[in-house]
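K.L.:
The structure's right below; bear with me while I get my questions together.
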Amino acid sequence: MLSKNMQDALNKQVLMEAQSSQAYLAMASWADIQPGLKGVTKFFYRHSEEERMHMLKLISYINERGGFAIIPALAQPTLTFVSLKQAFEELFKHEVKVSESINGLVDIALTEKDYATHNFLQWYVNEQIEEERLARECNDKLELIGEDKSGLYLFDRDIITMGIEGGGKGKH
Ligand code: FEO
């Protein structure tokens with residue numbers, strides 16, 4: 001059985017994952033109307049879908065442990081970006097915040113000696129290592145590319161497979 005405190009904290013994470021999904025969905029829609037960014041568009045749509053899976057996993061866990069998962073209202077995410085670089089910088093910053101939030105949940109689980117939740121959260125701890133790595137890699141590449149159009153062409157082509165052959169992606 002989850003404590004009230006643990007349950008509330010997990011529900012806050014449900015909200016955060018839902019907001020992540022919305023934020024990346026908005027990035028996907030923005031990328032979709034930019035010329036030549038079909039790979040990036042696919043990447044953002046896929047990322048949005050993964051965040052939804054993260055949310056669903058939490059919902060299912062909360063209810064399984066005798067709690068009640070709250071489906072949250074969502075604020076409108078940022079809709080437009082001045083550049084692809086800005087979108088990826090936002091994505092990276094957001095993932096760092098998610099990691100901090102997951103760490104906070106682990107702290108609560110340990111303080112409460114809720115080892116089942118601690119165990120459950122390890123999947124998220126590992127997932128965040130991968131998410132941050134991927135976001136950092138994209139930012140580093142865009143920094144190198146700068147205004148080079150052929151570099152951007154290759155980035156858009158290669159991003160479709162980025163994160164797929166890596167560790168945690170797609171394994172939900
Ligand atoms: Fe589910 Fe990207 O945090």
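Within each chain, counting starts at residue 1; across the structure tokens, chains are named A, B, ... in the order shown, with ligands numbered 1 upward in that order.
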I'd like the contact shell of Gln13 (chain A) - 12 Å cut-off, only C-alpha atoms, skipping same-chain residues fewer than 5 positions apart - returned as a PDB file with C-alpha atoms, in the first residue's frame.
P.N.:
```pdb
ATOM      1  CA  MET A   6       4.207   8.695  -1.844  1.00  0.00           C
ATOM      2  CA  GLN A   7       0.972   8.572  -3.803  1.00  0.00           C
ATOM      3  CA  ASP A   8       0.802  12.373  -4.115  1.00  0.00           C
ATOM      4  CA  ALA A  18       1.990  14.082 -19.362  1.00  0.00           C
ATOM      5  CA  GLN A  19       3.411  17.593 -19.718  1.00  0.00           C
ATOM      6  CA  SER A  20       6.555  16.150 -21.293  1.00  0.00           C
ATOM      7  CA  GLU A  51       6.546  10.055 -22.470  1.00  0.00           C
ATOM      8  CA  ARG A  52       2.952   8.908 -22.642  1.00  0.00           C
ATOM      9  CA  HIS A  54       6.123   6.695 -18.921  1.00  0.00           C
ATOM     10  CA  MET A  55       2.899   8.265 -17.678  1.00  0.00           C
ATOM     11  CA  LEU A  56       0.845   5.107 -18.248  1.00  0.00           C
ATOM     12  CA  LYS A  57       3.394   2.999 -16.391  1.00  0.00           C
ATOM     13  CA  LEU A  58       3.047   5.281 -13.357  1.00  0.00           C
ATOM     14  CA  ILE A  59      -0.751   5.275 -13.519  1.00  0.00           C
ATOM     15  CA  TYR A  61       1.654   1.254 -10.673  1.00  0.00           C
ATOM     16  CA  ILE A  62      -0.217   3.733  -8.441  1.00  0.00           C
ATOM     17  CA  ALA A  69      -3.888   7.747 -10.188  1.00  0.00           C
ATOM     18  CA  ILE A  70      -5.119  11.238 -11.018  1.00  0.00           C
ATOM     19  CA  ILE A  71      -5.395  12.163 -14.700  1.00  0.00           C
ATOM     20  CA  PRO A  72      -4.252  15.791 -14.729  1.00  0.00           C
ATOM     21  CA  LYS A  97      14.183  18.602 -14.467  1.00  0.00           C
ATOM     22  CA  VAL A  98      12.537  15.205 -14.932  1.00  0.00           C
ATOM     23  CA  SER A  99      15.680  13.491 -13.616  1.00  0.00           C
ATOM     24  CA  GLU A 100      15.645  15.746 -10.536  1.00  0.00           C
ATOM     25  CA  SER A 101      12.015  14.912  -9.989  1.00  0.00           C
ATOM     26  CA  ILE A 102      12.684  11.161 -10.252  1.00  0.00           C
ATOM     27  CA  ASN A 103      15.534  11.540  -7.758  1.00  0.00           C
ATOM     28  CA  GLY A 104      13.104  13.269  -5.402  1.00  0.00           C
ATOM     29  CA  LEU A 105      10.734  10.301  -5.675  1.00  0.00           C
ATOM     30  CA  VAL A 106      13.577   7.879  -4.917  1.00  0.00           C
ATOM     31  CA  LEU A 121      11.570   3.745  -9.812  1.00  0.00           C
ATOM     32  CA  TYR A 124      12.947   5.606 -14.489  1.00  0.00           C
TER      33      TYR A 124
END
```
K.L.:
Report as JSON, numbers by chain all protein, DNA and RNA residues lying within 12 Å of region 37-50 of chain A, evaluated on only C-alpha atoms, omitting residues in the same chain fewer than 2 positions from it.
P.N.:
{"A": [17, 18, 19, 20, 21, 22, 23, 24, 25, 26, 27, 28, 29, 30, 31, 32, 33, 34, 35, 52, 53, 54, 55, 56, 57, 83, 84, 85, 87, 88, 91, 95, 127, 131, 134, 135, 138, 149, 152, 153, 154, 155, 156, 157, 158, 159, 160, 161, 162, 163, 164, 168, 169, 170, 171, 172]}
K.L.:
Using only C-alpha atoms, which protein or nucleic acid residues come within 9 Å of Ser3 (chain A)? Drop anything in the same chain fewer than 6 positions from it, and give the result as an mmCIF file with C-alpha atoms, in the first residue's frame.
P.N.:
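The resulting file, part.cif, is reproduced below:
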```cif
data_model
loop_
_atom_site.group_PDB
_atom_site.id
_atom_site.type_symbol
_atom_site.label_atom_id
_atom_site.label_comp_id
_atom_site.auth_asym_id
_atom_site.auth_seq_id
_atom_site.Cartn_x
_atom_site.Cartn_y
_atom_site.Cartn_z
ATOM 1 C CA GLY A 67 -3.720 4.215 -4.684
ATOM 2 C CA GLU A 112 9.543 5.763 3.865
ATOM 3 C CA ASP A 114 8.916 1.764 0.498
#
```
K.L.:
So how many Å separate CA of Asn5 (chain A) and CA of Pro77 (chain A), to one decimal?
P.N.:
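Straight-line distance from CA of Asn5 (chain A) to CA of Pro77 (chain A) works out to 27.7 Å.
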K.L.:
What parts of chain A does DSSP call alpha helix (DSSP H)? I'd like the answer as a PyMOL selection string.
P.N.:
chain A and resi 4-32+38-64+84-111+115-145+149-158
K.L.:
Go ahead and save the picked residues with C-alpha atoms, as a compact mmCIF listing (two decimals), in the first residue's frame.
P.N.:
```txt
# COMPACT_ATOMS: atom_id res chain seq x y z
CA LYS A 4 -0.52 9.30 0.97
CA ASN A 5 2.73 11.21 0.64
CA MET A 6 4.21 8.69 -1.84
CA GLN A 7 0.97 8.57 -3.80
CA ASP A 8 0.80 12.37 -4.11
CA ALA A 9 4.43 12.50 -5.25
CA LEU A 10 3.85 9.79 -7.86
CA ASN A 11 0.76 11.62 -9.10
CA LYS A 12 2.89 14.76 -9.53
CA GLN A 13 5.17 12.65 -11.70
CA VAL A 14 2.14 11.53 -13.75
CA LEU A 15 1.54 15.23 -14.45
CA MET A 16 5.19 15.81 -15.34
CA GLU A 17 5.28 12.91 -17.81
CA ALA A 18 1.99 14.08 -19.36
CA GLN A 19 3.41 17.59 -19.72
CA SER A 20 6.55 16.15 -21.29
CA SER A 21 4.44 14.27 -23.80
CA GLN A 22 2.51 17.45 -24.66
CA ALA A 23 5.67 19.54 -24.91
CA TYR A 24 7.28 17.09 -27.36
CA LEU A 25 4.06 16.78 -29.30
CA ALA A 26 4.12 20.56 -29.77
CA MET A 27 7.75 20.32 -30.91
CA ALA A 28 6.73 17.62 -33.39
CA SER A 29 3.95 19.74 -34.83
CA TRP A 30 6.29 22.75 -35.12
CA ALA A 31 9.00 20.65 -36.79
CA ASP A 32 6.40 19.19 -39.14
CA LYS A 38 10.87 15.09 -41.48
CA GLY A 39 13.35 13.04 -39.44
CA VAL A 40 13.25 15.46 -36.53
CA THR A 41 9.45 15.48 -36.74
CA LYS A 42 9.37 11.71 -36.43
CA PHE A 43 11.82 11.84 -33.53
CA PHE A 44 9.64 14.30 -31.58
CA TYR A 45 6.45 12.34 -32.25
CA ARG A 46 8.14 9.17 -31.07
CA HIS A 47 9.51 10.94 -28.01
CA SER A 48 6.07 12.26 -27.16
CA GLU A 49 4.68 8.74 -27.39
CA GLU A 50 7.43 7.44 -25.08
CA GLU A 51 6.55 10.05 -22.47
CA ARG A 52 2.95 8.91 -22.64
CA MET A 53 4.19 5.37 -21.93
CA HIS A 54 6.12 6.70 -18.92
CA MET A 55 2.90 8.26 -17.68
CA LEU A 56 0.84 5.11 -18.25
CA LYS A 57 3.39 3.00 -16.39
CA LEU A 58 3.05 5.28 -13.36
CA ILE A 59 -0.75 5.27 -13.52
CA SER A 60 -0.81 1.53 -13.61
CA TYR A 61 1.65 1.25 -10.67
CA ILE A 62 -0.22 3.73 -8.44
CA ASN A 63 -3.52 1.89 -8.94
CA GLU A 64 -1.91 -1.52 -8.55
CA LEU A 84 15.82 23.69 -33.95
CA LYS A 85 18.67 24.33 -31.54
CA GLN A 86 16.34 26.18 -29.20
CA ALA A 87 13.83 23.30 -29.28
CA PHE A 88 16.55 20.80 -28.36
CA GLU A 89 17.91 23.05 -25.62
CA GLU A 90 14.41 23.16 -24.12
CA LEU A 91 14.18 19.38 -24.42
CA PHE A 92 17.49 18.92 -22.58
CA LYS A 93 16.55 21.35 -19.79
CA HIS A 94 13.24 19.59 -19.42
CA GLU A 95 14.87 16.16 -19.14
CA VAL A 96 17.24 17.43 -16.43
CA LYS A 97 14.18 18.60 -14.47
CA VAL A 98 12.54 15.20 -14.93
CA SER A 99 15.68 13.49 -13.62
CA GLU A 100 15.65 15.75 -10.54
CA SER A 101 12.02 14.91 -9.99
CA ILE A 102 12.68 11.16 -10.25
CA ASN A 103 15.53 11.54 -7.76
CA GLY A 104 13.10 13.27 -5.40
CA LEU A 105 10.73 10.30 -5.68
CA VAL A 106 13.58 7.88 -4.92
CA ASP A 107 14.41 9.96 -1.82
CA ILE A 108 10.82 9.71 -0.58
CA ALA A 109 10.69 5.96 -1.26
CA LEU A 110 13.90 5.44 0.73
CA THR A 111 12.81 7.68 3.60
CA TYR A 115 11.22 -0.69 -1.26
CA ALA A 116 8.63 -1.76 -3.83
CA THR A 117 8.34 1.82 -5.08
CA HIS A 118 12.10 2.22 -4.87
CA ASN A 119 12.44 -0.85 -7.06
CA PHE A 120 9.78 0.40 -9.49
CA LEU A 121 11.57 3.75 -9.81
CA GLN A 122 14.86 2.19 -10.88
CA TRP A 123 13.45 1.81 -14.40
CA TYR A 124 12.95 5.61 -14.49
CA VAL A 125 16.40 6.28 -13.06
CA ASN A 126 17.95 4.27 -15.90
CA GLU A 127 15.63 5.76 -18.49
CA GLN A 128 16.68 9.28 -17.45
CA ILE A 129 20.36 8.45 -17.96
CA GLU A 130 19.49 7.52 -21.53
CA GLU A 131 17.16 10.50 -22.08
CA GLU A 132 19.75 13.01 -20.89
CA ARG A 133 22.49 11.36 -22.94
CA LEU A 134 20.38 11.50 -26.09
CA ALA A 135 19.35 15.13 -25.54
CA ARG A 136 22.97 16.14 -24.84
CA GLU A 137 24.16 14.32 -27.97
CA CYS A 138 21.59 16.14 -30.12
CA ASN A 139 22.60 19.51 -28.64
CA ASP A 140 26.30 18.81 -29.20
CA LYS A 141 25.66 17.85 -32.83
CA LEU A 142 23.57 20.98 -33.47
CA GLU A 143 26.30 23.11 -31.90
CA LEU A 144 28.82 21.62 -34.35
CA ILE A 145 26.47 21.99 -37.32
CA LYS A 149 22.73 23.17 -44.22
CA SER A 150 24.32 19.91 -45.33
CA GLY A 151 25.09 19.13 -41.68
CA LEU A 152 21.47 19.76 -40.81
CA TYR A 153 20.39 17.49 -43.66
CA LEU A 154 22.50 14.66 -42.21
CA PHE A 155 21.27 15.38 -38.67
CA ASP A 156 17.66 15.10 -39.86
CA ARG A 157 18.46 11.84 -41.62
CA ASP A 158 20.36 10.28 -38.71
```
K.L.:
How far is it from CA of Gly66 (chain A) to atom 3 (O, counted along the ligand's line) of ligand 1, in Å with one decimal?
P.N.:
24.2 Å
K.L.:
Quick check, in Å to one decimal: how far apart do CA of Gly146 (chain A) and atom 1 (Fe, counted along the ligand's line) of ligand 1 lie?
P.N.:
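Calculated distance between CA of Gly146 (chain A) and atom 1 (Fe, counted along the ligand's line) of ligand 1 is 28.2 Å.
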